[in-house]
>>> print(open('data.txt').read())   # compact mmCIF, C-alpha atoms
# COMPACT_ATOMS: atom_id res chain seq x y z
CA MET D 249 10.31 37.24 -11.06
CA ILE D 250 10.73 33.53 -10.26
CA ALA D 251 14.36 32.40 -10.38
CA ASP D 252 14.97 29.63 -12.91
CA LYS D 253 18.34 28.70 -11.44
CA ILE D 254 19.50 27.69 -7.97
CA GLN D 255 21.25 30.61 -6.31
CA SER D 256 24.45 29.89 -4.41
CA HIS D 257 24.22 30.80 -0.72
CA THR D 258 27.04 31.43 1.72
CA VAL D 259 27.34 28.96 4.56
CA SER D 260 29.82 28.24 7.31
CA PHE D 261 31.85 25.08 6.65
CA GLY D 262 33.15 22.94 9.47
CA CYS D 263 34.36 19.35 9.74
CA ASP D 264 35.90 16.80 12.10
CA PRO D 265 37.85 14.31 9.96
CA GLU D 266 39.51 11.37 11.69
CA PHE D 267 42.66 9.39 10.99
CA PHE D 268 45.05 6.99 12.69
CA PHE D 269 48.62 6.71 13.88
CA GLU D 270 50.83 3.75 13.20
CA LYS D 271 54.18 2.77 14.65
CA GLU D 272 56.40 0.41 12.69
CA GLY D 273 53.44 -0.47 10.50
CA LYS D 274 50.98 -1.27 13.33
CA ILE D 275 48.05 0.90 14.44
CA ILE D 276 48.48 2.54 17.82
CA GLY D 277 46.05 4.53 19.95
CA SER D 278 45.99 8.26 19.25
CA GLU D 279 46.36 8.93 22.99
CA LYS D 280 50.01 7.90 22.63
CA ILE D 281 50.59 10.98 20.47
CA ILE D 282 47.92 13.42 21.60
CA ASP D 283 47.06 14.26 25.21
CA ILE D 284 43.81 12.42 25.94
CA ASN D 285 42.48 15.25 28.10
CA LYS D 286 43.93 18.44 26.59
CA GLY D 287 44.29 17.47 22.95
CA LEU D 288 46.80 19.29 20.75
CA LYS D 289 46.35 22.93 19.76
CA ALA D 290 47.12 23.69 16.14
CA GLY D 291 46.56 26.33 13.48
CA ASN D 292 44.42 29.31 14.42
CA SER D 293 42.65 28.02 17.55
CA SER D 294 42.03 24.63 15.92
CA LYS D 295 42.94 21.41 17.68
CA PHE D 296 43.43 17.66 17.46
CA ILE D 297 41.66 15.47 19.99
CA VAL D 298 41.60 11.79 20.95
CA ASP D 299 38.38 10.09 19.82
CA GLY D 300 38.76 6.43 20.69
CA VAL D 301 41.62 4.81 18.81
CA GLN D 302 41.29 7.54 16.18
CA ALA D 303 42.63 11.06 16.23
CA GLU D 304 40.19 13.79 15.22
CA LEU D 305 40.91 17.20 13.72
CA ASN D 306 38.64 20.11 14.69
CA PRO D 307 39.58 23.03 12.41
CA VAL D 308 38.02 26.44 12.96
CA PRO D 309 35.01 26.76 10.62
CA ASN D 310 35.08 29.13 7.67
CA SER D 311 32.75 30.24 4.91
CA CYS D 312 35.63 30.01 2.42
CA ARG D 313 36.80 26.57 1.29
CA ALA D 314 40.29 27.82 0.51
CA GLN D 315 40.72 29.34 3.97
CA LEU D 316 39.41 26.19 5.61
CA GLY D 317 41.88 24.18 3.52
CA GLY D 318 44.68 26.48 4.61
CA GLU D 319 43.74 25.96 8.24
CA ILE D 320 43.75 22.17 7.83
CA SER D 321 47.17 22.50 6.25
CA ARG D 322 48.53 24.50 9.20
CA CYS D 323 47.12 21.93 11.60
CA PHE D 324 48.85 19.03 9.88
CA MET D 325 52.09 21.01 9.84
CA THR D 326 51.87 21.24 13.64
CA LEU D 327 51.17 17.51 13.92
CA TYR D 328 54.01 16.66 11.56
CA GLN D 329 56.46 18.61 13.69
CA LYS D 330 55.29 16.70 16.76
CA ILE D 331 55.68 13.20 15.30
CA GLN D 332 59.14 14.02 13.96
CA LYS D 333 60.43 13.24 17.44
CA ASP D 334 59.89 9.55 16.64
CA LYS D 335 60.67 8.57 13.04
CA THR D 336 58.85 5.23 13.44
CA ILE D 337 55.47 6.97 13.79
CA LYS D 338 53.38 7.78 10.72
CA ILE D 339 49.88 9.05 10.02
CA ASN D 340 47.49 6.56 8.46
CA PHE D 341 44.64 8.04 6.40
CA LYS D 342 42.84 4.78 5.59
CA PRO D 343 39.09 4.85 6.29
CA THR D 344 39.14 1.55 8.19
CA VAL D 345 41.98 -0.23 9.99
CA LYS D 346 42.46 -3.18 12.32
CA ILE D 347 44.08 -2.80 15.71
CA THR D 348 45.57 -5.67 17.68
CA LYS D 349 43.95 -6.80 20.92
CA LYS D 350 47.31 -6.32 22.62
CA GLU D 351 47.45 -2.65 21.59
CA LEU D 352 43.80 -2.02 22.45
CA ASP D 353 44.32 -3.40 25.97
CA THR D 354 47.07 -0.83 26.61
CA LEU D 355 44.73 2.10 25.99
CA ASP D 356 42.58 4.10 28.36
CA LYS D 357 39.11 2.63 28.85
CA LYS D 358 37.61 5.63 27.04
CA SER D 359 39.73 4.84 24.00
CA GLN D 360 38.77 1.18 23.92
CA ILE D 361 35.10 1.88 23.28
CA PHE D 362 33.53 3.64 20.30
CA GLY D 363 33.88 7.35 20.82
CA CYS D 364 30.71 8.32 18.96
CA ALA D 365 27.72 9.55 20.90
CA PRO D 366 24.26 8.54 19.59
CA SER D 367 23.19 10.03 16.26
CA LYS D 368 19.83 10.89 14.77
CA ASN D 369 18.70 9.54 11.42
CA THR D 370 16.11 10.57 8.88
CA ASP D 371 15.23 6.86 8.68
CA LYS D 372 14.02 6.09 12.18
CA LYS D 373 14.65 2.36 11.72
CA SER D 374 18.37 3.11 11.32
CA GLU D 375 18.65 5.48 14.27
CA ASN D 376 21.41 4.28 16.60
CA SER D 377 21.35 0.80 15.03
CA VAL D 378 24.81 -0.62 15.65
CA SER D 379 25.40 -4.24 14.67
CA VAL D 380 28.68 -4.44 16.60
CA LYS D 381 27.99 -5.40 20.21
CA ASP D 382 31.35 -5.32 21.99
CA PRO D 383 33.97 -2.72 20.94
CA LYS D 384 36.56 -4.44 23.13
CA THR D 385 36.46 -7.58 21.01
CA TYR D 386 35.74 -5.87 17.69
CA MET D 387 39.16 -4.95 16.32
CA TYR D 388 38.15 -2.72 13.41
CA ARG D 389 38.11 1.05 13.74
CA SER D 390 36.91 3.53 11.14
CA ALA D 391 37.61 7.17 10.37
CA GLY D 392 34.73 9.49 9.58
CA GLY D 393 34.82 12.71 7.59
CA HIS D 394 31.77 14.48 9.00
CA ILE D 395 30.63 17.79 7.54
CA HIS D 396 29.30 20.64 9.68
CA ILE D 397 27.06 23.26 8.12
CA GLY D 398 25.96 26.48 9.79
CA SER D 399 24.79 29.97 9.02
CA HIS D 400 27.45 32.49 8.09
CA ALA D 401 25.32 35.32 9.48
CA THR D 402 25.01 35.94 13.20
CA GLY D 403 22.21 37.59 15.15
CA MET D 404 19.97 37.78 12.07
CA ALA D 405 16.29 36.88 12.06
CA ASP D 406 15.30 33.80 10.05
CA SER D 407 13.32 35.98 7.64
CA PHE D 408 16.58 37.61 6.57
CA ASP D 409 18.77 34.54 6.92
CA PRO D 410 17.33 31.55 5.02
CA ILE D 411 20.26 29.34 6.11
CA ALA D 412 19.36 29.72 9.79
CA ALA D 413 15.78 28.79 8.93
CA ILE D 414 16.99 25.64 7.14
CA MET D 415 19.02 24.64 10.20
CA ARG D 416 15.75 24.49 12.12
CA GLU D 417 14.50 21.70 9.82
CA PRO D 418 17.52 19.37 9.75
CA GLU D 419 15.79 16.33 8.28
CA ARG D 420 14.95 18.23 5.09
CA LEU D 421 18.58 19.18 4.57
CA ILE D 422 19.96 15.75 5.48
CA THR D 423 17.66 14.12 2.92
CA ILE D 424 18.95 16.48 0.22
CA MET D 425 22.53 15.87 1.35
CA ASP D 426 22.04 12.10 1.02
CA ILE D 427 21.01 12.67 -2.61
CA ILE D 428 23.62 15.27 -3.53
CA VAL D 429 26.54 14.49 -1.20
CA GLY D 430 26.17 10.92 0.07
CA ASN D 431 25.21 9.16 -3.15
CA THR D 432 27.74 11.15 -5.22
CA CYS D 433 30.56 10.37 -2.82
CA VAL D 434 29.89 6.63 -3.13
CA LEU D 435 31.09 7.06 -6.74
CA LEU D 436 34.40 8.38 -5.42
CA ASP D 437 34.85 6.54 -2.13
CA ARG D 438 34.63 2.96 -3.38
CA ASP D 439 36.70 1.44 -0.58
CA PRO D 440 34.97 -1.86 0.38
CA SER D 441 35.69 -1.17 4.05
CA ASN D 442 32.88 1.39 4.07
CA LYS D 443 30.42 -1.46 4.56
CA GLU D 444 32.37 -2.43 7.68
CA ARG D 445 32.44 1.19 8.87
CA ARG D 446 28.69 1.49 8.62
CA LYS D 447 28.20 -1.36 11.07
CA VAL D 448 29.11 1.27 13.67
CA TYR D 449 28.21 4.63 12.13
CA GLY D 450 27.99 6.51 8.86
CA LYS D 451 24.68 5.24 7.51
CA ALA D 452 22.58 7.24 5.08
CA GLY D 453 20.58 9.94 6.83
CA GLU D 454 22.82 10.06 9.90
CA PHE D 455 23.16 13.46 11.55
CA ARG D 456 23.43 15.49 14.72
CA THR D 457 22.19 18.96 15.57
CA PRO D 458 24.98 20.78 17.45
CA ALA D 459 24.43 24.37 18.53
CA HIS D 460 26.17 25.75 15.44
CA GLY D 461 23.93 24.02 12.89
CA ILE D 462 23.87 20.53 11.37
CA GLU D 463 26.44 17.72 11.27
CA TYR D 464 26.18 15.28 8.36
CA ARG D 465 27.76 12.03 9.55
CA THR D 466 27.63 9.76 6.50
CA LEU D 467 31.01 10.29 4.83
CA SER D 468 34.35 8.64 5.58
CA ASN D 469 37.61 10.57 5.72
CA PHE D 470 38.33 9.86 2.01
CA TRP D 471 38.31 13.57 1.19
CA LEU D 472 41.45 14.06 3.29
CA LEU D 473 43.36 12.60 0.34
CA SER D 474 43.57 16.05 -1.23
CA TYR D 475 42.36 19.63 -1.11
CA PRO D 476 40.34 19.33 -4.38
CA LEU D 477 38.33 16.50 -2.82
CA MET D 478 37.72 18.54 0.32
CA SER D 479 36.71 21.47 -1.86
CA PHE D 480 34.29 19.24 -3.77
CA VAL D 481 32.62 17.76 -0.68
CA MET D 482 32.16 21.16 0.92
CA ASN D 483 30.68 22.63 -2.25
CA LEU D 484 28.31 19.69 -2.68
CA SER D 485 27.15 20.50 0.85
CA ARG D 486 26.67 24.17 -0.02
CA PHE D 487 24.78 23.16 -3.15
CA SER D 488 22.47 21.04 -0.98
CA VAL D 489 21.75 24.02 1.27
CA SER D 490 21.27 26.28 -1.74
CA ILE D 491 18.61 23.95 -3.19
CA LEU D 492 16.49 24.51 -0.09
CA ALA D 493 17.37 28.19 0.25
CA SER D 494 16.38 28.82 -3.38
CA THR D 495 13.07 26.98 -3.07
CA MET D 496 10.13 29.39 -3.03
CA PRO D 497 6.46 29.56 -4.02
CA GLY D 498 6.28 28.85 -7.71
CA ARG D 499 9.75 27.29 -7.86
CA ASP D 500 10.08 24.21 -5.67
CA PHE D 501 13.56 22.88 -6.40
CA GLU D 502 13.36 20.55 -3.39
CA LYS D 503 10.18 18.85 -4.61
CA GLU D 504 11.50 18.52 -8.15
CA LEU D 505 14.72 16.86 -6.99
CA LEU D 506 12.88 14.45 -4.69
CA SER D 507 10.48 13.50 -7.47
CA SER D 508 13.39 12.51 -9.74
CA ILE D 509 14.80 9.78 -7.50
CA ASN D 510 13.90 6.77 -5.40
CA MET D 511 14.99 7.56 -1.84
CA THR D 512 15.11 3.88 -0.90
CA LYS D 513 17.70 3.32 -3.65
CA ILE D 514 19.70 6.34 -2.51
CA ARG D 515 19.92 4.93 1.02
CA LYS D 516 20.74 1.46 -0.26
CA ALA D 517 23.59 2.76 -2.44
CA ILE D 518 25.09 4.59 0.54
CA ASN D 519 24.60 1.91 3.18
CA GLU D 520 25.97 -0.87 0.97
CA ASN D 521 28.55 1.39 -0.70
CA ASP D 522 27.14 0.15 -4.00
CA ALA D 523 28.86 2.23 -6.69
CA GLU D 524 26.81 0.72 -9.51
CA LEU D 525 23.53 1.65 -7.85
CA ALA D 526 24.94 5.08 -6.95
CA TRP D 527 25.82 5.56 -10.64
CA ASP D 528 22.26 4.70 -11.67
CA ASN D 529 20.94 7.11 -9.05
CA PHE D 530 23.31 9.82 -10.25
CA GLN D 531 22.04 9.51 -13.82
CA LYS D 532 18.57 10.37 -12.51
CA ILE D 533 19.94 13.32 -10.53
CA LYS D 534 22.09 14.62 -13.40
CA PRO D 535 19.30 16.32 -15.42
CA PHE D 536 18.35 18.35 -12.34
CA ILE D 537 21.98 19.42 -11.85
CA MET D 538 22.45 20.34 -15.50
CA GLN D 539 19.24 22.34 -15.68
CA TYR D 540 19.38 24.28 -12.45
CA SER D 541 22.96 24.65 -11.21
CA GLY D 542 23.89 27.36 -13.69
CA ALA D 543 27.32 28.11 -15.12
CA TYR D 544 28.96 29.58 -12.03
CA GLU D 545 32.27 28.57 -10.51
CA SER D 546 30.53 28.44 -7.16
CA PHE D 547 28.72 25.22 -8.12
CA PRO D 548 30.52 21.87 -7.88
CA LEU D 549 28.76 20.25 -10.84
CA THR D 550 27.23 22.00 -13.84
CA ALA D 551 26.26 21.32 -17.42
CA GLN D 552 29.70 22.68 -18.34
CA ASN D 553 31.73 20.17 -16.30
CA ILE D 554 29.54 17.09 -15.89
CA LYS D 555 31.43 15.12 -18.57
CA GLU D 556 34.71 15.91 -16.82
CA PHE D 557 33.25 14.69 -13.54
CA GLU D 558 32.12 11.40 -15.05
CA PHE D 559 35.55 10.93 -16.61
CA PHE D 560 37.08 11.69 -13.20
CA VAL D 561 34.86 9.01 -11.64
CA SER D 562 35.78 6.45 -14.30
CA LYS D 563 39.45 6.63 -13.31
CA GLY D 564 38.98 6.42 -9.55
CA ILE D 565 40.30 8.89 -6.99
CA HIS D 566 43.63 7.11 -6.51
CA TYR D 567 44.42 7.68 -10.17
CA TRP D 568 44.23 11.43 -9.61
CA PHE D 569 45.64 11.71 -6.09
CA LYS D 570 48.76 9.63 -5.59
CA GLU D 571 50.70 11.92 -3.27
CA ASP D 572 51.00 11.11 0.43
CA PRO D 573 48.10 13.07 2.04
CA LEU D 574 50.23 14.51 4.84
CA GLN D 575 52.82 15.83 2.41
CA HIS D 576 50.04 17.22 0.23
CA TRP D 577 48.40 19.16 3.06
CA MET D 578 51.66 20.57 4.37
CA LYS D 579 52.43 22.07 0.96
CA LEU D 580 49.26 24.14 1.18
CA SER D 581 50.25 26.12 4.27
CA SER D 582 50.99 29.29 2.31
CA TYR D 583 48.62 28.70 -0.62
CA PRO D 584 45.25 26.95 -0.55
CA GLY D 585 45.93 24.97 -3.70
CA MET D 586 43.66 24.18 -6.62
CA GLY D 587 39.98 24.01 -5.74
CA TRP D 588 37.59 21.47 -7.21
CA GLU D 589 36.21 23.54 -10.08
CA ASN D 590 39.67 24.54 -11.32
CA PHE D 591 40.89 20.99 -10.89
CA LEU D 592 38.25 19.70 -13.29
CA VAL D 593 39.13 22.33 -15.89
CA THR D 594 42.93 22.28 -15.66
CA GLN D 595 43.66 18.67 -14.72
CA VAL D 596 40.76 16.44 -15.71
CA ARG D 597 39.64 18.12 -18.94
CA PRO D 598 43.06 17.98 -20.67
CA LYS D 599 43.43 14.30 -19.75
CA MET D 600 39.97 13.58 -21.08
CA GLN D 601 40.77 15.37 -24.33
CA ILE D 602 44.01 13.45 -24.73
CA GLU D 603 42.10 10.20 -24.49
CA LYS D 604 39.55 11.67 -26.91
CA THR D 605 36.58 10.58 -24.86
CA GLY D 606 33.75 12.21 -26.74
CA LYS D 607 31.02 10.24 -25.04
CA THR D 608 31.34 9.10 -21.46
CA PRO D 609 30.21 5.46 -21.07
CA ILE D 610 29.42 3.81 -17.77
CA PRO D 611 32.83 3.80 -16.08
CA ARG D 612 34.61 0.48 -16.35
CA LEU D 613 34.96 0.20 -12.59
CA LEU D 614 31.20 0.51 -12.16
CA ARG D 615 30.07 -2.05 -14.70
CA LYS D 616 28.50 -5.23 -13.41
CA LYS D 617 30.87 -8.15 -13.66
CA THR D 618 29.99 -10.70 -16.30
CA LYS D 619 30.82 -14.39 -16.11
>>> encode(input="data.txt", output="structure tokens")
Amino acid sequence: MIADKIQSHTVSFGCDPEFFFEKEGKIIGSEKIIDINKGLKAGNSSKFIVDGVQAELNPVPNSCRAQLGGEISRCFMTLYQKIQKDKTIKINFKPTVKITKKELDTLDKKSQIFGCAPSKNTDKKSENSVSVKDPKTYMYRSAGGHIHIGSHATGMADSFDPIAAIMREPERLITIMDIIVGNTCVLLDRDPSNKERRKVYGKAGEFRTPAHGIEYRTLSNFWLLSYPLMSFVMNLSRFSVSILASTMPGRDFEKELLSSINMTKIRKAINENDAELAWDNFQKIKPFIMQYSGAYESFPLTAQNIKEFEFFVSKGIHYWFKEDPLQHWMKLSSYPGMGWENFLVTQVRPKMQIEKTGKTPIPRLLRKKTK
């Protein structure tokens, strides 16, 4: 029997979100808080490391979003305890900041340059194309929120582990992730500084192939604002994998999705952080999601919650998540918090019903400005 719905597959989630430190309102190098050689151990074998001006969190991967969220929480609790020694130091979660030349000159030479090693790209013209020539005179620094995907199974032949087989064809998965993850996240992460960030890295189709699987390098750290956002991004990634893992003779979900969109427009929406174009792209993707994602809680977007998602988008993420991110994550140390699917049902849906939005128009923030 040919499956008529995409089947959810278990994957291993990893990530390496970045952020900044500031002292008395000014950005400082992360090496002044974290040992540049040893890093800072946190959580259950997780750690923080210095990655240029930025600090980077490397939590232990997990196949469960809630457990990964709990580990991130424990890590930030460790970091919070460390910075309490100096009350003038705070964590800055903005995706892009500006550092002073005076501060940059005080840092180790390794911290003054961009910490990112070369990336691959599904669009060969974009591979390793960096428009910024001299990191020592370029004062902007950006924080990525890269997603790592791997097989949950170990020591299993590809014929029994479709996820491992997918990892061997990274460009197929990255293309699907641009459509499902990258374009969708432009609707949420509308910070104009993303265009500046992508002068250095984070373009559509950007990836690496570490030993554990695939690293999708397009997103900023915006999902560190809250656990529901992290939960959403991870499940979009799992959905992307599941599209390929569910594709079989007679049911080519991959081909059907690709035929519904214009890949050039997907890349343009991501690279230019064009929310209006991303919205138009999403409307072409939406029928595929509604038809094939099924009505399971394991899917991030379904026919049952698509209106809630569009209402969520119309308000903007800062409408929903106003709490200081550090305080938010520390509260989750003993409980993983409300995941994305429950958040839509218990937080977004009631608000939508109060406003009596029966038909979701193009969100106000995404409409083209008229003179």
>>> atom_distance(input="data.txt", atom1="atom CA of D:Ile424", atom2="atom CA of D:Ile491")
8.2 Å
>>> closest_residue(input="data.txt", among="D:Phe261, D:Tyr449, D:Phe324, D:Phe559", to="D:Ile395", atoms="all atoms listed in the file")
D:Phe261
>>> residues_around(input="data.txt", residues="stretch 366-373 of chain D", least_positions_apart="6", cutoff="12 Å", atoms="only C-alpha atoms", output="PyMOL selection string")
chain D and resi 417-426+448-458+462-466+511-512+515-516+519
>>> closest_residue(input="data.txt", among="D:Pro309, D:Gly318, D:Pro535, D:Pro265", to="D:Asn469", atoms="only C-alpha atoms")
D:Pro265
>>> atom_distance(input="data.txt", atom1="atom CA of D:Met325", atom2="atom CA of D:Ser278")
17.0 Å
>>> closest_residue(input="data.txt", among="D:Thr495, D:Asn340, D:Ser490, D:Gln552", to="D:Asp572", atoms="all atoms listed in the file")
D:Asn340
>>> closest_residue(input="data.txt", among="D:Ile297, D:Ile537, D:Met482, D:Cys433", to="D:Ile518", atoms="only C-alpha atoms")
D:Cys433
>>> atom_distance(input="data.txt", atom1="atom CA of D:Ile275", atom2="atom CA of D:Leu352")
9.5 Å
>>> closest_residue(input="data.txt", among="D:Leu355, D:Leu472, D:Val429, D:Val561", to="D:Ile514", atoms="all atoms listed in the file")
D:Val429
>>> closest_atom_pairs(input="data.txt", of="stretch 484-560 of chain D", to="stretch 312-315 of chain D", cutoff="12 Å", atoms="all atoms listed in the file", output="JSON lines")
{"residue": "D:Leu484", "atom": "CA", "partner": "D:Arg313", "partner_atom": "CA", "distance": 11.6}
{"residue": "D:Ser485", "atom": "CA", "partner": "D:Arg313", "partner_atom": "CA", "distance": 11.4}
{"residue": "D:Arg486", "atom": "CA", "partner": "D:Arg313", "partner_atom": "CA", "distance": 10.5}
{"residue": "D:Ser546", "atom": "CA", "partner": "D:Arg313", "partner_atom": "CA", "distance": 10.7}
>>> residues_around(input="data.txt", residues="D:Glu304", least_positions_apart="5", cutoff="8 Å", atoms="only C-alpha atoms", output="PyMOL selection string")
chain D and resi 264-267+296-299
>>> closest_residue(input="data.txt", among="D:Arg499, D:Phe569, D:Ser479, D:Arg445", to="D:Glu520", atoms="all atoms listed in the file")
D:Arg445
>>> axis_aligned_box(input="data.txt", around="stretch 557-570 of chain D", padding_each_side="5 Å", output="lines of an AutoDock Vina configuration file")
center_x = 40.4
center_y = 10.6
center_z = -11.1
size_x = 26.6
size_y = 18.3
size_z = 21.0
>>> decode(input="data.txt", residues="stretch 329-344 of chain D", atoms="N, CA, C and O atoms", output="mmCIF file, in the first residue's frame")
data_model
loop_
_atom_site.group_PDB
_atom_site.id
_atom_site.type_symbol
_atom_site.label_atom_id
_atom_site.label_comp_id
_atom_site.auth_asym_id
_atom_site.auth_seq_id
_atom_site.Cartn_x
_atom_site.Cartn_y
_atom_site.Cartn_z
ATOM 1 N N GLN D 329 25.373 31.714 36.214
ATOM 2 C CA GLN D 329 26.093 31.684 37.487
ATOM 3 C C GLN D 329 27.501 32.257 37.335
ATOM 4 O O GLN D 329 28.016 32.912 38.249
ATOM 5 N N LYS D 330 28.107 32.041 36.165
ATOM 6 C CA LYS D 330 29.453 32.555 35.948
ATOM 7 C C LYS D 330 29.460 34.075 35.816
ATOM 8 O O LYS D 330 30.315 34.756 36.402
ATOM 9 N N ILE D 331 28.523 34.636 35.065
ATOM 10 C CA ILE D 331 28.544 36.085 34.842
ATOM 11 C C ILE D 331 28.028 36.872 36.043
ATOM 12 O O ILE D 331 28.166 38.103 36.078
ATOM 13 N N GLN D 332 27.475 36.179 37.028
ATOM 14 C CA GLN D 332 27.000 36.875 38.224
ATOM 15 C C GLN D 332 28.147 37.488 39.019
ATOM 16 O O GLN D 332 27.938 38.347 39.877
ATOM 17 N N LYS D 333 29.361 37.065 38.719
ATOM 18 C CA LYS D 333 30.526 37.624 39.411
ATOM 19 C C LYS D 333 30.744 39.088 39.039
ATOM 20 O O LYS D 333 31.406 39.826 39.766
ATOM 21 N N ASP D 334 30.205 39.494 37.888
ATOM 22 C CA ASP D 334 30.327 40.883 37.439
ATOM 23 C C ASP D 334 28.955 41.347 36.962
ATOM 24 O O ASP D 334 28.512 40.972 35.869
ATOM 25 N N LYS D 335 28.272 42.137 37.754
ATOM 26 C CA LYS D 335 26.904 42.558 37.471
ATOM 27 C C LYS D 335 26.792 43.464 36.249
ATOM 28 O O LYS D 335 25.689 43.722 35.761
ATOM 29 N N THR D 336 27.920 43.954 35.715
ATOM 30 C CA THR D 336 27.866 44.838 34.556
ATOM 31 C C THR D 336 27.822 44.047 33.237
ATOM 32 O O THR D 336 27.641 44.631 32.177
ATOM 33 N N ILE D 337 28.002 42.726 33.336
ATOM 34 C CA ILE D 337 28.031 41.884 32.147
ATOM 35 C C ILE D 337 26.651 41.276 31.896
ATOM 36 O O ILE D 337 26.007 40.762 32.812
ATOM 37 N N LYS D 338 26.210 41.335 30.659
ATOM 38 C CA LYS D 338 24.929 40.745 30.264
ATOM 39 C C LYS D 338 25.104 39.943 28.976
ATOM 40 O O LYS D 338 26.093 40.112 28.253
ATOM 41 N N ILE D 339 24.138 39.080 28.712
ATOM 42 C CA ILE D 339 24.138 38.314 27.465
ATOM 43 C C ILE D 339 23.263 39.039 26.460
ATOM 44 O O ILE D 339 22.158 39.471 26.772
ATOM 45 N N ASN D 340 23.762 39.173 25.255
ATOM 46 C CA ASN D 340 23.056 39.860 24.183
ATOM 47 C C ASN D 340 22.666 38.828 23.121
ATOM 48 O O ASN D 340 23.526 38.176 22.536
ATOM 49 N N PHE D 341 21.355 38.685 22.881
ATOM 50 C CA PHE D 341 20.862 37.675 21.946
ATOM 51 C C PHE D 341 20.512 38.245 20.571
ATOM 52 O O PHE D 341 19.874 37.573 19.777
ATOM 53 N N LYS D 342 20.931 39.474 20.289
ATOM 54 C CA LYS D 342 20.629 40.048 18.980
ATOM 55 C C LYS D 342 21.354 39.273 17.876
ATOM 56 O O LYS D 342 22.468 38.790 18.088
ATOM 57 N N PRO D 343 20.751 39.176 16.698
ATOM 58 C CA PRO D 343 21.403 38.426 15.612
ATOM 59 C C PRO D 343 22.623 39.120 15.022
ATOM 60 O O PRO D 343 23.529 38.458 14.512
ATOM 61 N N THR D 344 22.653 40.451 15.097
ATOM 62 C CA THR D 344 23.800 41.201 14.568
ATOM 63 C C THR D 344 24.094 42.375 15.492
ATOM 64 O O THR D 344 23.169 43.064 15.938
#
